[in-house]
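The structure under discussion appears below in the form of structure tokens.
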Amino acid sequence: MTVSQALLLRPLLRGPQSLKRCLFPSSSTAASLLNNNNKDGIHSKNHPSSSSSSLQQQYHRSLSTRPSTDSFLSASSALYVESMLEQYEADPSSVPDSWRAYFESTNNSSESSLSFNQPTVLVNHKPSSPHASHINPAALPSDSLGVAHLIRAYQVNGHRSANLDPLGMHTNESFPSRPGNARSKDDLDTESHLAKTLTVGFHGFDPEVDMDRELNFKGVHTGGNKGFLEDLTSMPGKVTLRKVVERLQQTYCGTIGVEYMHIGSVEQCNWIRERVEHPSFLECDVEKKIHLFERLCFADTFETFLANKFNTTKRFGLDGGEAIIPALKDAIDRASELGAHSFIIGMPHRGRLNVLANVMRKPMTTIFSEFQGTHYDVEKFIKMNEEWGSSGDVKYHLGSSMDRTYPDGRKIHLTHLECVNPVVLGKTRAKQFYCGDTDEDMRNVVPILLHGDAAFAGQGVVYETMQLMGVDDFKVGGTIHVIVNNQIGFTTNPINSRSTPYSSDLGKAFNSPIFHCNGDDPVAVSRCLETAIEWRHAWGTDVIIDMICYRRNGHNELDQPMFTQPKLYKAITRHSSTLDIYEKRLIDEGTMSKEEAQEIRDFTLQSYENDLIASKTYVPKPADWLSSNWAGFKGPGQHSRIRPTGVEIDTLRYIGKKAGEVPDGFKIHRQMNKIFKARQTMAEKGTEIDWGLAEAMAFGSLLIEGNHVRLTGQDVQRGTFSHRHAVVKDQDTEEEYTPLNSLARMVSMSAPLEERRLPDTQAKLTVRNSILSEFAVLGFEHGYSLENPNALILWEAQFGDFVNGAQVMLDQFIAAGEDKWHRQSGLVMLLPHGYDGQGAEHSSCRVERYLQMMEEDPHHIPTMGKDERTQIQKSNWQIVNCSTPANYFHCLRRQIHRDFRKPLIVVAPKNLLRNKRCVSTLDDMGPGTIFHRAFDEADEKISSNPGNVKTLVFCTGQIYYELITEREKQERDDVAIVRLEQIAPFAFDKVAQYCSKYDNAEVVWAQQEPKNMGAYSYISPRLMTATRELNNNEKRARYVGRMVSSAPATGMSKIHTKEYNDILNGVFGKVA
């Protein structure tokens, strides 16, 4: 405790006025204090080392720097004084003499004449020089707070002055927020070239006087902080400010810059401090250094070898960022040591080939054959009408799947996806679930995502994906995010591609630690990746590695980057490769000789040469480039028979009753009680089965057959339109209950399929409300669906209109995944759709978009026989708009009861959910029943007299019920209405059959949507083809629907009503 602090204690017993005078002492008070100190001999003229100016600096630091944060007002000091006072009042002899005298003088003297005795303070302090040996250390100000603030400054801001740019430039364009640069011009100390907050002067020290004197620490409490601050309390020998600064700069301003002080958890911050602040953090033995060199050599030679052999081919190489390859391999090694057995890696195109070759160990013969264009049979990839052909993809978009065994017997599985972010996480979560879904399973399946710097900062899907980190049924136990930071996005500099200091700053919103590292220091990059793996294992949350490197070539190898970044690329041209720099480092430090390094280089080059020669005679195997090989499932060229999807009536009745049942004592809402009782009544009678119950029966029947069912999306537990109620809550406790998880004994999904299909068992139903995102959540479910074919994976849009937020996922992955990468997915998308006067954003799922992407020739009719039909197998997806609950039931079950998988888009109803006419019976779902692609006229009177029909109306979905209501109102029997339940692939045979049946009728296509939307553009040419080719009587459908429009629907009720009546008038004549 300093003299000034002791004086400041006095007002504690004297009230606010004394406190105020003490907080703002006059100049005479300060002078008096210095004079009193002189009386004690502190400023003796015989001791020049204890100069008046030096002590004055320390005195002012004690008043101006520390009292504001560590004065008598702080909790620790106030509690200490209070404790001493309580001891004194209980027994004056129990406190030290100095404190007893202090309290006695406080009670007996006036403020002006108060005497002062220095309280007893225990310090572990030795005089720093013989000249000051007589100085009482307790009379000097403590350095504790200044050093603590200095340490904290480095922990918070040390990264801002770290050596992160391998080019040594740290330019305005790439580091705009670095001290002294464009966005932090006034935050640079020109003498030290550090951020001002990192200088000792900022924290009250004199760099001329205080650097080499022994620091005076009082007390050993660190406030719970581990790491260097804790080390100082027990550090042997003389501790100087210079030693402290050197250690801090080594830790926080070297080739690693760490950001973690934004994390709210003290335990997590301590976890990082104990590692990065340890002097051995970057130490590694000779064996590891050489191993890093070998791996780096393979990564570097891969790029240079391809550049020399295929110099006119784009490869989107990793040149400049090669250090990530050995780092990834070390990360996988470390995770495997901790028990991990599966890794799912997703990344952009840059560096993909190098990762495939040197991390995934995709055979080099395969990669070289892809460069030479000899890895495929041209005939098999040509698209023909009766033969399915694949478009394939460029080599730097392909994925792979490999198993790897370590010398000690450890085995790991590596999966490299063709797309990143949410798809990787979905596949990871699925793998964790099917492994057993324990905490250990979550730790042992590791997702690794590689990003470009511009993409990580600019793409919203990154945020959406990270937002899934802690959400039940979406969390994967943490993701390793690796930013390969080229300091450029195509041709755009970082200063123009983000507003944040770093591309990684998004991670701060999620309390993720961020490790910035210099890409020319392979040891630093590797250590950061290993630490990231350890963080995930310990805490189960995301962690970010920002490897700052450069891109030696342009966006691709044929691009000229000097057009847009001349200064940067002049520096890159002069800069040595990471391999050369690391080799020189190892030779200089004596780790290896020049001859040993050259031997490794020669071996690596010869390995690639041998593989290139072998690739000339390489014969590809189908599984070599398939990311997943589902045993027993058939490709588009193999016939899969059509199976019945009906279920025993008793089983359906049992499921229906259980779907409306809760445990005894579980209190549900009174309205929910009515809904559940109605379900049980429907199930018992077997009639009037509504949409929600039919769906529950489809789910339940698949569950007891051993198939996992998973449904996610916004509000799916209740359903946007309050029809599902798959998960209900107790009205008192909000405890959740899922009725369909109580059908039978729950079996782990890690159990064999045969066990899950035993009569007394069931698989798990997961119904989970998601975050308010379409892109990330749909992508997640797509990834989930790729892992296991024996599961029904569904995603439901809140309204079908909102799926446009996930259009990229639909366009690039779901619609074309099998065509490009031979990846089958059975993902189901439920898109509520219907024109009910709710406006442009709550009416249409934009079905025309998916129909436009349909891989089907409108002018060719494939083989349509029941036992020969492969129409769905050769298509890219299915689009249905069911008009009955039973057909929806069959549609869902059909997804599982076939030997292949295709994405399914369900144009889902809204007002049909409660339409009294939109119901089914158990018989419609019983044994022997199947999904119907189309329904003929349902009125027997009309159907049995086709010659009387003057108008044949084709339609789909909700409009059917509107049309039959109007027909009954007009008492018309000359209009037949046919429903297309499966819009695509097109039912050529059924349409031709009905046109032939009602041969005298005019053909009409009726829809709710505007003419330039909906199914009209898809249906029209196919209807003509069907009638021309199959009936020899081409017919064209007259359009009835809304006028062309840029907006899908009107938001004005009167306009909506008029348009509705115009549609009815177009079909039946003028409406009264």
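Naming scheme: A, B, ... for chains in displayed order of the structure tokens; residues 1 onward per chain; ligands 1 onward as shown.
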
Pick out the residues sitting within 9 Å of A:Gly317, and hand them over as JSON, numbers by chain; count only C-alpha atoms, and ignore anything fewer than 6 positions along from it in its own chain. {"A": [303, 307, 349, 350, 351, 352, 353, 354, 551, 552, 553, 556, 557]}

Extract the full set of helix (DSSP H, G or I) residues from stretch 129-335 of chain A according to DSSP on the backbone, and format it as a PyMOL selection string. chain A and resi 130-132+137-139+144-161+196-198+201-203+228-232+241-252+266-276+286-309+324-335

Write out as a PyMOL selection string the residues lying within 12 Å of stretch 702-707 of chain A, counting only C-alpha atoms and excluding same-chain residues fewer than 4 positions away. chain A and resi 434+645-647+651-652+654-655+695-698+740-766+788-793+889-890+892-897

Which residue of A:Ser920, A:Gln598, A:Asn485, A:Thr564 approaches A:Leu318 most closely, using only C-alpha atoms: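 Smallest separation from A:Leu318 among the options: A:Asn485.
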
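The two atoms in question, atom CA of A:Asn486 and atom CA of A:Val420, are spaced 18.6 Å apart.
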
Calculated over only C-alpha atoms, which of the candidates A:Thr313, A:Ser701, A:Thr604, A:Gln807 has the smallest distance to A:Asp650?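 Counting only C-alpha atoms, the residue closest to A:Asp650 is A:Ser701.
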
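Ranking A:Ile613, A:Ile964, A:Ile879, A:Ile272 by their shortest atom-to-atom distance to A:Pro513, with only C-alpha atoms included, puts A:Ile272 first.
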
One decimal, Å: what's the distance from atom CA of A:Ala357 over to atom CA of A:Val286, could you say?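 Pair atom CA of A:Ala357 / atom CA of A:Val286 returns 25.6 Å.
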
As a list of chain:residue names, which residues of stretch 654-765 of chain A does DSSP assign to strand (DSSP E or B)?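 Output for stretch 654-765 of chain A, strand (DSSP E or B) only: A:Ile689, A:His708, A:Val709, A:Arg710, A:Leu711, A:Thr712, A:Gly713, A:Val728, A:Lys729, A:Glu736, A:Tyr737, A:Arg745, A:Met746, A:Thr761, A:Gln762, A:Leu765.
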
Give me, please, the distance in Å between atom CA of A:Val619 and atom CA of A:Ser369, quoted to one decimal.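 We find that atom CA of A:Val619 and atom CA of A:Ser369 lie 9.0 Å from each other.
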
Please identify all polymer residues within 10 Å of stretch 499-512 of chain A, counting only C-alpha atoms, omitting same-chain residues fewer than 3 positions from it, and present them as a ChimeraX atom specification. /A:160,174-178,183-184,259-265,268,452-458,462-463,466-467,469-470,478,481-483,485,487,494-496,515-516,535,541-546

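Shortest separation to A:Arg334 among A:Ile514, A:Ile533, A:Val355, A:Ala776 occurs at residue A:Ile533, atoms counted being only C-alpha atoms.
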
Need the shell around A:Asp439: protein/DNA/RNA residues with any atom at most 12 Å away, counting only C-alpha atoms. Skip same-chain ones fewer than 3 positions apart. Format as a list in words?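 Selected residues are Arg429, Gln432, Phe433, Cys435, Gly436, Met442, Arg443, Asn444, Val445, Lys475, Val476, Gly477, Gly478, His537, Ala538, Trp539 and Gly540 of chain A.
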
For A:Lys1054, work out the shell of residues within 12 Å, counting only C-alpha atoms and skipping chain neighbours fewer than 3 positions away, then give it as a JSON list (two decimals) with N, CA, C and O atoms, in the first residue's frame.
```
[["chain", "number", "residue", "atom", "x", "y", "z"],
["A", 836, "ASP", "N", -54.79, -17.31, -51.32],
["A", 836, "ASP", "CA", -55.89, -17.05, -50.38],
["A", 836, "ASP", "C", -56.02, -15.56, -50.07],
["A", 836, "ASP", "O", -56.61, -15.19, -49.07],
["A", 837, "GLY", "N", -55.45, -14.72, -50.92],
["A", 837, "GLY", "CA", -55.56, -13.28, -50.71],
["A", 837, "GLY", "C", -54.58, -12.73, -49.70],
["A", 837, "GLY", "O", -54.80, -11.66, -49.15],
["A", 838, "GLN", "N", -53.46, -13.44, -49.47],
["A", 838, "GLN", "CA", -52.49, -12.99, -48.46],
["A", 838, "GLN", "C", -51.33, -12.20, -49.06],
["A", 838, "GLN", "O", -50.36, -11.92, -48.37],
["A", 839, "GLY", "N", -51.40, -11.86, -50.32],
["A", 839, "GLY", "CA", -50.39, -11.00, -50.90],
["A", 839, "GLY", "C", -49.25, -11.75, -51.57],
["A", 839, "GLY", "O", -49.18, -12.97, -51.58],
["A", 1050, "THR", "N", -51.82, -10.50, -55.64],
["A", 1050, "THR", "CA", -52.23, -9.20, -55.15],
["A", 1050, "THR", "C", -52.44, -9.27, -53.64],
["A", 1050, "THR", "O", -52.74, -10.33, -53.08],
["A", 1051, "GLY", "N", -52.29, -8.13, -53.02],
["A", 1051, "GLY", "CA", -52.55, -8.05, -51.58],
["A", 1051, "GLY", "C", -53.87, -7.36, -51.27],
["A", 1051, "GLY", "O", -54.20, -7.17, -50.10],
["A", 1057, "THR", "N", -60.55, -11.29, -55.15],
["A", 1057, "THR", "CA", -61.86, -11.89, -55.40],
["A", 1057, "THR", "C", -62.21, -11.82, -56.88],
["A", 1057, "THR", "O", -62.73, -12.79, -57.47],
["A", 1058, "LYS", "N", -61.93, -10.67, -57.50],
["A", 1058, "LYS", "CA", -62.21, -10.54, -58.93],
["A", 1058, "LYS", "C", -61.41, -11.55, -59.74],
["A", 1058, "LYS", "O", -61.93, -12.21, -60.65],
["A", 1059, "GLU", "N", -60.11, -11.69, -59.42],
["A", 1059, "GLU", "CA", -59.27, -12.64, -60.15],
["A", 1059, "GLU", "C", -59.77, -14.07, -59.94],
["A", 1059, "GLU", "O", -59.77, -14.89, -60.88],
["A", 1060, "TYR", "N", -60.22, -14.36, -58.75],
["A", 1060, "TYR", "CA", -60.75, -15.69, -58.44],
["A", 1060, "TYR", "C", -61.99, -15.98, -59.29],
["A", 1060, "TYR", "O", -62.13, -17.04, -59.90],
["A", 1061, "ASN", "N", -62.87, -15.00, -59.35],
["A", 1061, "ASN", "CA", -64.09, -15.18, -60.16],
["A", 1061, "ASN", "C", -63.78, -15.27, -61.65],
["A", 1061, "ASN", "O", -64.45, -15.99, -62.39]]
```
